[in-house]
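One structure below.
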There are 2 protein chains.
Amino acid sequence: MVTTKDIAERLDLSVSTVGRALADDHRISEQTKFRVRQAAAEMGYVANRAARMMRGASSKVVGLVIPDIRNSFYSTIAHELSKNLESQGFQLMLSETDDDRMVELRHLRELSASRASGVVIVPTARPHSESAKLLQGIPHVQLLRKHSSLGPQWFGVDDFEVLRQATMHLVEQGHTRIGYIGGPAELHTGAERLRGFRSALSEGKLPARAARIELGPPSSIEHGRQAVRRLLAEPTAPTGIVLGSIQLTRGVLEELSRTSVVVPKDVSVVGFGDEPGFSWWGPGLTTMGLPIQAMAVGCGLWLMRRLKTEPDDDTPYTSVSPGSLIVRGSTAPPADMRRPARRRR
Amino acid sequence: MVTTKDIAERLDLSVSTVGRALADDHRISEQTKFRVRQAAAEMGYVANRAARMMRGASSKVVGLVIPDIRNSFYSTIAHELSKNLESQGFQLMLSETDDDRMVELRHLRELSASRASGVVIVPTARPHSESAKLLQGIPHVQLLRKHSSLGPQWFGVDDFEVLRQATMHLVEQGHTRIGYIGGPAELHTGAERLRGFRSALSEGKLPARAARIELGPPSSIEHGRQAVRRLLAEPTAPTGIVLGSIQLTRGVLEELSRTSVVVPKDVSVVGFGDEPGFSWWGPGLTTMGLPIQAMAVGCGLWLMRRLKTEPDDDTPYTSVSPGSLIVRGSTAPPADMRRPARRRR
DNA sequence: TTGAAAGCGCTAACAC
DNA sequence: GTGTTAGCGCTTTCAA
């Protein structure tokens with residue numbers, strides 16, 4: 001690798017002159033600057049970031065710690081963040097945790113060792129205490145999920161409210177047995193969504209036994225498949241199902257489109273998130289739309305400001321974006337409401 | 001930040017002893033090691049990668065340079081690569097180019113400055129010459145797309161063959177006016193796919209005017225929409241359409257599902273790539289399946305081996321994975337074949 | 001306008 | 001078993 005010393009020797013200058021010329025220092029003559037730049041280009045000189053960092057320069061790297069980049073929520077976030085960072089001369093380190101706290105910890109150790117300027121993290125359910133400690137030394141924000149041990153900076157969506165709305169939609173249509181397939185309650189988002197689901201049921205004066213709840217890994221398409229199969233196999237299967245994660249929604253849609261179940265005649269479905277494809281699934285999927293992009297943009301802007309500003313303004317900041325229900329064709333009143341004659345009595 | 005010097009002072013040891021203890025050097029007594037590790041943990045010591053790198057350590061960072069992470073091809077690649085790297089103690093730097101060669105160049109400058117151990121790149125159509133020069137100093141592989149200036153290492157799919165197959169499928173069904181919506185020919189993949197399309201036409205003895213070709217930005221959903229609208233608006237609209245990129249396919253599907261065009265009655269469609277959702281689009285999308293995941297795995301393994309091995313084995317290596325046609329309901333013989341009475345004569 | 005030299009945190013060669 | 005010292009490539013005094 002070519003160093004400033006190499007350039008200095010070739011031009012018979014000192015390293016400091018070369019360094020200053022490269023930095024466009026005003027004390028260096030235009031003539032020298034020109035010669036130095038010329039030589040640097042010819043020799044293929046590329047400044048060594050590590051050496052700069054030793055002199056106190058920042059790494060200009062922001063870590064993005066997420067469960068799985070294939071989830072479109074996270075790839076949207078990665079894209080928006082990346083765009084923003086690039087414009088500010090920052091780079092994005094991508095760290096996938098697969099929802100494993102030890103993997104998460106390893107990534108945070110790396111980010112810390114490479115002195116990342118900042119971190120955006122969608123934490124695992126119960127982060128390792130060392131993870132929390134490491135993050136104390138790095139400006140960071142939590143995204144979507146929130147764990148108290150990682151500090152008060154959080155950008156998320158109103159999980160409770162959006163699930164409440166979605167469930168209310170079914171309740172108002174007259175469903176009295178409603179299923180929920182979602183992530184585990186130990187996950188912040190999982191707990192909030194479940195709470196929203198339950199809140200709608202009680203608001204609709206439905207008894208607790210009206211609920212059919214299936215919790216499991218939120219990013220497992222396979223689990224979505226199996227859960228919906230289980231729900232529909234019961235003797236008193238729900239007439240409406242609310243979904244609590246995008247991957248679970250994927251699994252449920254796949255499963256339903258390969259069975260003979262007719263939506264919404266046999267069962268109504270409310271999805272989570274609005275992917276390309278959800279609109280053309282069966283009769284069109286009624287689903288919860290979430291402002292992921294806007295949230296990611298906001299988060300990126302906030303972090304950039306935080307990094308450029310004095311480090312002592314670590315005032316708590318929380319941003320909660322609202323979601324909204326997109327009503328399409330996959331929800332309708334249950335069969336026994338549409339054809340009262342069929343009612344058991 | 002806590003340094004080895006800080007630990008040394010606190011324990012009244014020398015920095016080298018501390019360094020050796022931390023490195024688990026055999027010459028250091030267990031007792032000292034214990035004390036050092038204890039102190040390090042207490043003080044929250046995190047080794048400084050930059051300093052290590054100055055002593056010759058590698059960065060343990062691999063750059064992934066792609067157009068847009070939201071494209072599921074690229075997020076699949078990012079995921080597979082990330083998984084592989086993590087297991088080997090490497091980190092992944094994500095660089096999105098948005099198919100802009102200057103952005104690509106900026107990212108490569110950064111990767112070079114931070115002495116990335118390796119680079120996996122899906123190059124823009126015509127990379128900057130400086131980009132090529134920078135890559136010469138870093139072990140790298142091209143993925144999917146290929147540009148000769150960036151070297152002979154390439155992992156891709158057989159774009160020609162898969163497009164030929166897809167087009168042949170329509171030709172064999174009797175279509176005589178076939179549309180192609182794809183990326184620009186200056187893109188390696190764009191040129192290959194177009195070649196495959198044309199090859200099938202001539203193989204089917206169709207005249208050149210049988211082709212309706214729409215080229216444009218390959219990752220623009222909007223362009224897909226407009227292109228299909230244009231094709232179908234013509235007086236002699238094609239009875240079959242072949243698509244040449246995943247995002248264009250998305251756009252076409254969205255457009256078709258919001259108009260009154262009936263697939264495959266009015267027009268047959270062959271998509272590109274097999275996304276979740278393509279199978280439940282309309283009558284089920286006949287599409288080209290590509291082994292993206294397998295390719296990414298292979299690419300990751302190859303790069304890892306390349307990084308662990310002596311740098312002098314830069315023998316050219318090329319891997320071409322075959323795609324396959326997945327026939328579903330969106331293709332059928334054209335109307336005038338199904339009802340011969342309608343034939344113009 | 002330029003040069004000499006110190007030092008960032010770490011490792012490794014060379015003492016003892 | 002432990003300490004001393006030099007040096008990685010760069011920036012930044014301090015001198016000239």
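Chain identifiers are assigned as A, B, and so on, following the order in which chains appear in the structure tokens; residues are numbered from 1 within each chain, and ligands are numbered from 1 in order of appearance.
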
Give me, as JSON lines, each residue of chain A that comes within 9 Å of chain C, together with its shortest interatomic pair and the distance in Å at one decimal, counting only C-alpha atoms (C1' of nucleotides), with rows ordered by chain and rising residue number.
{"residue": "A:Leu13", "atom": "CA", "partner": "C:DT2", "partner_atom": "C1'", "distance": 8.5}
{"residue": "A:Ser14", "atom": "CA", "partner": "C:DG3", "partner_atom": "C1'", "distance": 6.3}
{"residue": "A:Val15", "atom": "CA", "partner": "C:DG3", "partner_atom": "C1'", "distance": 8.8}
{"residue": "A:Ser16", "atom": "CA", "partner": "C:DG3", "partner_atom": "C1'", "distance": 7.6}
{"residue": "A:Thr17", "atom": "CA", "partner": "C:DT2", "partner_atom": "C1'", "distance": 6.7}
{"residue": "A:Arg27", "atom": "CA", "partner": "C:DT1", "partner_atom": "C1'", "distance": 6.3}
{"residue": "A:Ile28", "atom": "CA", "partner": "C:DT1", "partner_atom": "C1'", "distance": 6.1}
{"residue": "A:Ser29", "atom": "CA", "partner": "C:DT1", "partner_atom": "C1'", "distance": 6.8}
{"residue": "A:Ala51", "atom": "CA", "partner": "C:DC8", "partner_atom": "C1'", "distance": 8.6}
{"residue": "A:Met53", "atom": "CA", "partner": "C:DC8", "partner_atom": "C1'", "distance": 8.3}
{"residue": "A:Met54", "atom": "CA", "partner": "C:DC8", "partner_atom": "C1'", "distance": 4.7}
{"residue": "A:Arg55", "atom": "CA", "partner": "C:DC8", "partner_atom": "C1'", "distance": 5.1}
{"residue": "A:Gly56", "atom": "CA", "partner": "C:DC8", "partner_atom": "C1'", "distance": 7.4}

Take the residues just selected and output them with C-alpha atoms as a PDB file, in the first residue's frame.
ATOM      1  CA  LEU A  13       9.352  16.396   0.540  1.00  0.00           C
ATOM      2  CA  SER A  14       8.544  15.700   4.166  1.00  0.00           C
ATOM      3  CA  VAL A  15       5.574  13.582   5.197  1.00  0.00           C
ATOM      4  CA  SER A  16       4.023  16.552   6.904  1.00  0.00           C
ATOM      5  CA  THR A  17       4.092  18.618   3.747  1.00  0.00           C
ATOM      6  CA  ARG A  27       0.012  27.167   4.033  1.00  0.00           C
ATOM      7  CA  ILE A  28       1.109  24.908   1.187  1.00  0.00           C
ATOM      8  CA  SER A  29       1.874  26.454  -2.201  1.00  0.00           C
ATOM      9  CA  ALA A  51      -4.251   5.594  10.902  1.00  0.00           C
ATOM     10  CA  MET A  53      -8.719   7.047  13.478  1.00  0.00           C
ATOM     11  CA  MET A  54      -5.707   6.731  15.711  1.00  0.00           C
ATOM     12  CA  ARG A  55      -5.380  10.460  15.523  1.00  0.00           C
ATOM     13  CA  GLY A  56      -8.923  10.861  16.719  1.00  0.00           C
TER      14      GLY A  56
END

Could you write out chain B as a compact mmCIF listing (two decimals) with C-alpha atoms, in the first residue's frame once it has been least-squares superposed on chain A using every ordered C-alpha pair?
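This went into part.txt:
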# COMPACT_ATOMS: atom_id res chain seq x y z
CA MET B 1 0.11 0.01 0.12
CA VAL B 2 1.30 3.50 -0.80
CA THR B 3 1.78 5.85 2.15
CA THR B 4 2.36 9.56 2.50
CA LYS B 5 5.94 8.67 3.27
CA ASP B 6 6.30 7.03 -0.12
CA ILE B 7 4.98 10.13 -1.82
CA ALA B 8 7.26 12.33 0.28
CA GLU B 9 10.33 10.34 -0.65
CA ARG B 10 9.52 10.39 -4.31
CA LEU B 11 9.02 14.15 -4.37
CA ASP B 12 11.77 14.80 -1.86
CA LEU B 13 9.38 16.46 0.56
CA SER B 14 8.52 15.81 4.18
CA VAL B 15 5.54 13.67 5.20
CA SER B 16 3.90 16.64 6.81
CA THR B 17 4.04 18.68 3.65
CA VAL B 18 2.50 15.82 1.77
CA GLY B 19 -0.17 15.41 4.42
CA ARG B 20 -0.97 19.09 4.34
CA ALA B 21 -1.04 19.20 0.56
CA LEU B 22 -3.46 16.31 0.53
CA ALA B 23 -5.59 18.11 3.12
CA ASP B 24 -5.53 21.23 0.94
CA ASP B 25 -3.91 23.25 3.71
CA HIS B 26 -3.71 26.96 2.88
CA ARG B 27 -0.05 27.22 3.82
CA ILE B 28 1.08 24.93 1.00
CA SER B 29 1.85 26.44 -2.40
CA GLU B 30 -0.39 25.56 -5.28
CA GLN B 31 2.61 24.20 -7.08
CA THR B 32 3.46 21.72 -4.37
CA LYS B 33 -0.14 20.73 -3.95
CA PHE B 34 -0.33 19.97 -7.61
CA ARG B 35 2.80 17.85 -7.59
CA VAL B 36 1.63 15.94 -4.54
CA ARG B 37 -1.82 15.27 -5.89
CA GLN B 38 -0.33 14.21 -9.18
CA ALA B 39 2.03 11.76 -7.51
CA ALA B 40 -0.70 10.46 -5.21
CA ALA B 41 -2.97 9.73 -8.14
CA GLU B 42 -0.19 8.10 -10.12
CA MET B 43 0.94 5.93 -7.27
CA GLY B 44 -2.62 4.96 -6.35
CA TYR B 45 -2.43 6.42 -2.86
CA VAL B 46 -5.45 5.78 -0.66
CA ALA B 47 -5.50 7.34 2.78
CA ASN B 48 -5.47 4.87 5.65
CA ARG B 49 -8.58 5.29 7.76
CA ALA B 50 -7.13 3.28 10.61
CA ALA B 51 -4.23 5.67 10.95
CA ARG B 52 -6.55 8.65 10.84
CA MET B 53 -8.70 7.12 13.50
CA MET B 54 -5.68 6.81 15.74
CA ARG B 55 -5.37 10.53 15.51
CA GLY B 56 -8.90 10.94 16.73
CA ALA B 57 -10.86 10.90 13.50
CA SER B 58 -14.25 9.23 13.74
CA SER B 59 -14.91 5.95 11.98
CA LYS B 60 -17.79 7.34 9.95
CA VAL B 61 -19.48 3.99 10.31
CA VAL B 62 -22.98 3.40 11.61
CA GLY B 63 -24.05 -0.11 12.54
CA LEU B 64 -27.51 -1.39 11.69
CA VAL B 65 -28.39 -4.35 13.89
CA ILE B 66 -31.50 -6.19 12.72
CA PRO B 67 -32.94 -9.70 12.84
CA ASP B 68 -33.02 -10.47 9.12
CA ILE B 69 -32.47 -8.25 6.09
CA ARG B 70 -34.83 -10.37 3.98
CA ASN B 71 -37.77 -9.03 5.95
CA SER B 72 -38.96 -6.12 3.87
CA PHE B 73 -39.41 -3.92 6.93
CA TYR B 74 -35.74 -4.18 7.61
CA SER B 75 -34.59 -3.86 4.03
CA THR B 76 -36.67 -0.70 3.74
CA ILE B 77 -35.03 0.62 6.86
CA ALA B 78 -31.58 -0.36 5.63
CA HIS B 79 -32.21 1.39 2.35
CA GLU B 80 -33.45 4.65 3.82
CA LEU B 81 -30.68 4.72 6.37
CA SER B 82 -28.06 3.90 3.80
CA LYS B 83 -29.22 6.70 1.53
CA ASN B 84 -29.12 9.19 4.34
CA LEU B 85 -25.72 8.05 5.59
CA GLU B 86 -24.16 8.06 2.16
CA SER B 87 -25.13 11.68 1.68
CA GLN B 88 -23.31 12.55 4.89
CA GLY B 89 -20.21 10.53 4.08
CA PHE B 90 -21.03 7.69 6.45
CA GLN B 91 -20.94 3.97 5.79
CA LEU B 92 -23.41 1.34 6.95
CA MET B 93 -22.33 -1.83 8.71
CA LEU B 94 -25.01 -4.47 8.38
CA SER B 95 -25.37 -6.87 11.29
CA GLU B 96 -27.97 -9.63 11.25
CA THR B 97 -28.80 -11.22 14.58
CA ASP B 98 -31.33 -13.87 13.53
CA ASP B 99 -32.92 -12.93 16.85
CA ASP B 100 -30.07 -14.57 18.73
CA ARG B 101 -28.81 -12.49 21.62
CA MET B 102 -25.33 -13.99 21.46
CA VAL B 103 -24.99 -13.13 17.80
CA GLU B 104 -26.28 -9.68 18.66
CA LEU B 105 -23.61 -9.39 21.32
CA ARG B 106 -20.85 -10.47 18.96
CA HIS B 107 -21.91 -7.85 16.45
CA LEU B 108 -21.99 -5.14 19.08
CA ARG B 109 -18.52 -6.15 20.24
CA GLU B 110 -17.29 -5.73 16.69
CA LEU B 111 -19.00 -2.39 16.27
CA SER B 112 -17.53 -1.25 19.53
CA ALA B 113 -14.05 -2.49 18.61
CA SER B 114 -14.20 -0.64 15.33
CA ARG B 115 -15.45 2.44 17.17
CA ALA B 116 -18.66 2.76 15.21
CA SER B 117 -19.97 6.33 15.31
CA GLY B 118 -23.51 5.17 15.95
CA VAL B 119 -25.83 2.20 16.05
CA VAL B 120 -29.42 1.66 14.99
CA ILE B 121 -30.76 -1.50 16.56
CA VAL B 122 -33.87 -3.66 16.46
CA PRO B 123 -33.02 -5.55 19.63
CA THR B 124 -33.62 -9.20 20.40
CA ALA B 125 -36.17 -10.06 23.08
CA ARG B 126 -33.75 -10.00 25.98
CA PRO B 127 -30.38 -8.49 25.05
CA HIS B 128 -27.29 -9.64 26.93
CA SER B 129 -26.27 -7.29 29.71
CA GLU B 130 -22.89 -6.81 28.04
CA SER B 131 -24.72 -5.64 24.93
CA ALA B 132 -26.40 -2.94 26.98
CA LYS B 133 -23.05 -1.95 28.46
CA LEU B 134 -21.39 -1.74 25.06
CA LEU B 135 -24.17 0.43 23.71
CA GLN B 136 -23.67 2.89 26.51
CA GLY B 137 -20.45 3.88 24.81
CA ILE B 138 -22.06 4.47 21.41
CA PRO B 139 -24.77 6.90 20.35
CA HIS B 140 -27.67 4.63 19.46
CA VAL B 141 -31.38 4.36 18.77
CA GLN B 142 -33.74 1.47 19.06
CA LEU B 143 -36.08 0.83 16.20
CA LEU B 144 -39.51 -0.83 16.21
CA ARG B 145 -38.72 -2.98 19.22
CA LYS B 146 -37.67 -1.50 22.52
CA HIS B 147 -35.87 -2.91 25.51
CA SER B 148 -35.49 -0.76 28.58
CA SER B 149 -31.91 -1.88 29.23
CA LEU B 150 -30.81 -0.27 25.96
CA GLY B 151 -31.84 3.25 26.79
CA PRO B 152 -34.69 5.63 26.10
CA GLN B 153 -34.07 6.48 22.44
CA TRP B 154 -36.69 4.77 20.35
CA PHE B 155 -38.44 5.06 17.01
CA GLY B 156 -41.41 2.79 16.58
CA VAL B 157 -44.98 2.38 15.54
CA ASP B 158 -48.09 2.25 17.65
CA ASP B 159 -48.35 -1.53 17.77
CA PHE B 160 -51.10 -1.51 20.34
CA GLU B 161 -53.36 0.83 18.43
CA VAL B 162 -52.92 -0.73 15.03
CA LEU B 163 -53.72 -4.21 16.36
CA ARG B 164 -56.66 -2.85 18.26
CA GLN B 165 -58.03 -1.26 15.11
CA ALA B 166 -57.50 -4.39 13.06
CA THR B 167 -59.23 -6.57 15.63
CA MET B 168 -62.06 -4.06 16.10
CA HIS B 169 -62.69 -4.28 12.38
CA LEU B 170 -63.50 -7.98 12.79
CA VAL B 171 -65.42 -7.47 15.99
CA GLU B 172 -67.62 -4.87 14.35
CA GLN B 173 -68.36 -7.23 11.52
CA GLY B 174 -69.79 -9.62 14.05
CA HIS B 175 -67.04 -12.17 14.48
CA THR B 176 -67.21 -13.87 17.86
CA ARG B 177 -64.33 -16.32 17.57
CA ILE B 178 -61.19 -14.53 16.55
CA GLY B 179 -57.71 -15.95 16.13
CA TYR B 180 -54.42 -14.15 16.63
CA ILE B 181 -51.12 -15.38 15.26
CA GLY B 182 -48.21 -13.29 16.46
CA GLY B 183 -44.75 -13.06 17.97
CA PRO B 184 -43.90 -13.96 21.56
CA ALA B 185 -45.01 -11.71 24.38
CA GLU B 186 -41.45 -11.34 25.65
CA LEU B 187 -40.83 -9.24 22.58
CA HIS B 188 -41.88 -5.66 23.18
CA THR B 189 -43.75 -5.54 19.91
CA GLY B 190 -45.27 -8.95 20.54
CA ALA B 191 -46.65 -7.87 23.90
CA GLU B 192 -48.06 -4.60 22.57
CA ARG B 193 -49.75 -6.22 19.63
CA LEU B 194 -51.28 -8.94 21.78
CA ARG B 195 -52.48 -6.27 24.17
CA GLY B 196 -54.11 -4.39 21.30
CA PHE B 197 -55.81 -7.57 20.15
CA ARG B 198 -57.15 -8.34 23.59
CA SER B 199 -58.22 -4.77 24.16
CA ALA B 200 -60.42 -4.86 21.08
CA LEU B 201 -62.04 -8.09 22.21
CA SER B 202 -62.96 -6.74 25.58
CA GLU B 203 -64.06 -3.48 24.03
CA GLY B 204 -66.41 -5.57 21.89
CA LYS B 205 -67.68 -7.31 25.01
CA LEU B 206 -66.38 -10.64 23.82
CA PRO B 207 -65.45 -13.21 26.47
CA ALA B 208 -61.82 -14.26 26.85
CA ARG B 209 -62.63 -17.62 25.31
CA ALA B 210 -63.46 -15.85 22.04
CA ALA B 211 -59.73 -15.55 21.49
CA ARG B 212 -57.64 -18.23 19.80
CA ILE B 213 -54.05 -17.26 20.35
CA GLU B 214 -50.98 -18.70 18.63
CA LEU B 215 -47.64 -17.18 19.58
CA GLY B 216 -44.31 -18.18 18.10
CA PRO B 217 -41.19 -17.02 16.28
CA PRO B 218 -42.24 -13.80 14.52
CA SER B 219 -39.99 -14.22 11.52
CA SER B 220 -40.82 -17.81 10.72
CA ILE B 221 -42.95 -18.22 7.61
CA GLU B 222 -43.26 -21.89 8.46
CA HIS B 223 -44.68 -21.11 11.88
CA GLY B 224 -47.34 -18.94 10.24
CA ARG B 225 -48.32 -21.87 8.07
CA GLN B 226 -48.60 -24.30 10.91
CA ALA B 227 -50.39 -21.93 13.23
CA VAL B 228 -53.16 -21.18 10.75
CA ARG B 229 -53.50 -24.87 10.02
CA ARG B 230 -53.92 -25.57 13.72
CA LEU B 231 -56.44 -22.77 14.19
CA LEU B 232 -58.64 -23.89 11.30
CA ALA B 233 -58.48 -27.55 12.31
CA GLU B 234 -60.20 -26.91 15.63
CA PRO B 235 -63.85 -27.90 15.97
CA THR B 236 -64.75 -24.35 16.87
CA ALA B 237 -62.38 -22.69 14.46
CA PRO B 238 -62.25 -18.89 14.48
CA THR B 239 -64.18 -17.07 11.78
CA GLY B 240 -61.65 -14.29 11.68
CA ILE B 241 -57.88 -14.21 12.08
CA VAL B 242 -55.62 -11.28 12.87
CA LEU B 243 -51.92 -11.52 12.09
CA GLY B 244 -49.10 -9.99 14.09
CA SER B 245 -46.03 -9.99 11.90
CA ILE B 246 -45.14 -9.70 8.28
CA GLN B 247 -43.45 -13.06 7.95
CA LEU B 248 -46.29 -14.81 9.73
CA THR B 249 -48.66 -13.12 7.30
CA ARG B 250 -46.62 -14.51 4.43
CA GLY B 251 -46.89 -18.00 5.82
CA VAL B 252 -50.62 -17.73 6.41
CA LEU B 253 -51.28 -16.44 2.92
CA GLU B 254 -49.25 -19.22 1.36
CA GLU B 255 -51.02 -21.84 3.41
CA LEU B 256 -54.48 -20.48 2.70
CA SER B 257 -53.87 -20.21 -1.01
CA ARG B 258 -52.94 -23.87 -1.21
CA THR B 259 -55.93 -25.19 0.71
CA SER B 260 -59.61 -25.11 -0.18
CA VAL B 261 -60.48 -22.57 2.49
CA VAL B 262 -62.34 -19.66 0.95
CA VAL B 263 -61.58 -16.14 2.16
CA PRO B 264 -63.58 -14.29 3.41
CA LYS B 265 -66.48 -16.78 3.19
CA ASP B 266 -64.97 -19.40 5.48
CA VAL B 267 -62.64 -17.13 7.37
CA SER B 268 -61.72 -13.46 7.38
CA VAL B 269 -58.07 -12.44 7.49
CA VAL B 270 -56.32 -9.24 8.49
CA GLY B 271 -52.65 -9.14 7.56
CA PHE B 272 -49.73 -7.24 9.06
CA GLY B 273 -47.79 -4.83 6.90
CA ASP B 274 -48.49 -4.02 3.28
CA GLU B 275 -46.18 -5.88 0.95
CA PRO B 276 -46.32 -5.79 -2.80
CA GLY B 277 -48.46 -8.84 -3.49
CA PHE B 278 -50.76 -8.48 -0.52
CA SER B 279 -53.14 -6.38 -2.61
CA TRP B 280 -53.55 -9.08 -5.23
CA TRP B 281 -53.76 -12.00 -2.85
CA GLY B 282 -57.14 -13.71 -3.20
CA PRO B 283 -59.86 -11.08 -2.80
CA GLY B 284 -57.23 -8.51 -1.76
CA LEU B 285 -55.78 -8.63 1.72
CA THR B 286 -57.21 -6.37 4.37
CA THR B 287 -54.11 -5.40 6.27
CA MET B 288 -52.37 -3.06 8.66
CA GLY B 289 -50.27 -0.48 6.85
CA LEU B 290 -47.24 0.76 8.75
CA PRO B 291 -45.20 3.87 7.94
CA ILE B 292 -41.89 2.03 7.99
CA GLN B 293 -40.22 4.26 5.45
CA ALA B 294 -41.17 7.49 7.17
CA MET B 295 -40.04 6.06 10.48
CA ALA B 296 -36.68 5.03 9.03
CA VAL B 297 -36.18 8.47 7.53
CA GLY B 298 -36.96 10.11 10.85
CA CYS B 299 -34.65 7.77 12.67
CA GLY B 300 -31.83 8.43 10.24
CA LEU B 301 -32.21 12.19 10.51
CA TRP B 302 -32.32 12.03 14.27
CA LEU B 303 -29.16 9.95 14.48
CA MET B 304 -27.29 12.20 12.07
CA ARG B 305 -28.17 15.23 14.11
CA ARG B 306 -27.18 13.40 17.27
CA LEU B 307 -23.80 12.53 15.74
CA LYS B 308 -23.06 16.01 14.54
CA THR B 309 -24.06 17.66 17.76
CA GLU B 310 -22.36 17.72 21.12
CA PRO B 311 -22.50 14.32 22.79
CA ASP B 312 -24.00 15.67 25.97
CA ASP B 313 -27.53 16.10 24.66
CA ASP B 314 -28.68 12.57 25.30
CA THR B 315 -32.14 13.65 26.19
CA PRO B 316 -34.67 10.84 25.90
CA TYR B 317 -36.45 10.86 22.60
CA THR B 318 -39.29 8.69 21.47
CA SER B 319 -41.21 8.74 18.23
CA VAL B 320 -44.36 6.71 17.78
CA SER B 321 -45.78 6.56 14.28
CA PRO B 322 -49.40 5.58 13.77
CA GLY B 323 -50.40 2.72 11.47
CA SER B 324 -53.65 2.45 9.57
CA LEU B 325 -56.03 -0.26 8.49
CA ILE B 326 -56.25 -0.87 4.76
CA VAL B 327 -59.58 -2.54 4.09
CA ARG B 328 -59.71 -4.80 1.07
CA GLY B 329 -61.63 -7.98 0.31
CA SER B 330 -60.34 -10.52 2.80
CA THR B 331 -62.68 -9.52 5.60
CA ALA B 332 -66.47 -9.85 5.80
CA PRO B 333 -69.11 -10.68 8.39
CA PRO B 334 -68.98 -14.33 9.45
CA ALA B 335 -71.19 -16.85 7.71
CA ASP B 336 -73.67 -17.14 10.58
CA MET B 337 -74.22 -13.39 10.49
CA ARG B 338 -74.81 -13.29 6.81
CA ARG B 339 -77.29 -16.13 6.94
CA PRO B 340 -79.04 -15.71 10.29
CA ALA B 341 -81.14 -18.88 9.66
CA ARG B 342 -78.03 -20.90 10.31
CA ARG B 343 -77.63 -19.50 13.80
CA ARG B 344 -77.65 -22.11 16.52
CA ARG B 345 -80.56 -21.53 18.83

Practice problem: Enumerate the residues of stretch 19-166 of chain B with a DSSP assignment of strand (DSSP E or B), computed from the backbone, and present them as a list in words. | Solution: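 Answer for stretch 19-166 of chain B, restricted to strand (DSSP E or B): Val61, Val62, Gly63, Leu64, Val65, Ile66, Gln91, Leu92, Met93, Leu94, Ser95, Glu96, Gly118, Val119, Val120, Ile121, His140, Val141, Gln142, Leu143, Trp154, Phe155, Gly156 and Val157 of chain B.
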
Between chain D and chain A, at 7 Å or less, what are the per-residue closest atom pairs and their distances in Å? Count only C-alpha atoms (C1' of nucleotides), order by chain and rising residue number, and return it as CSV.
residue,atom,partner,partner_atom,distance
D:DG9,C1',A:Ala51,CA,5.2
D:DC10,C1',A:Ala51,CA,5.2
D:DT11,C1',A:Arg55,CA,6.3

Practice problem: as an MDAnalysis selection string, list the residues of stretch 122-205 of chain A assigned to alpha helix (DSSP H) by DSSP on the backbone atoms of this structure. | Solution: chainID A and resid 129:136 159:172 188:203
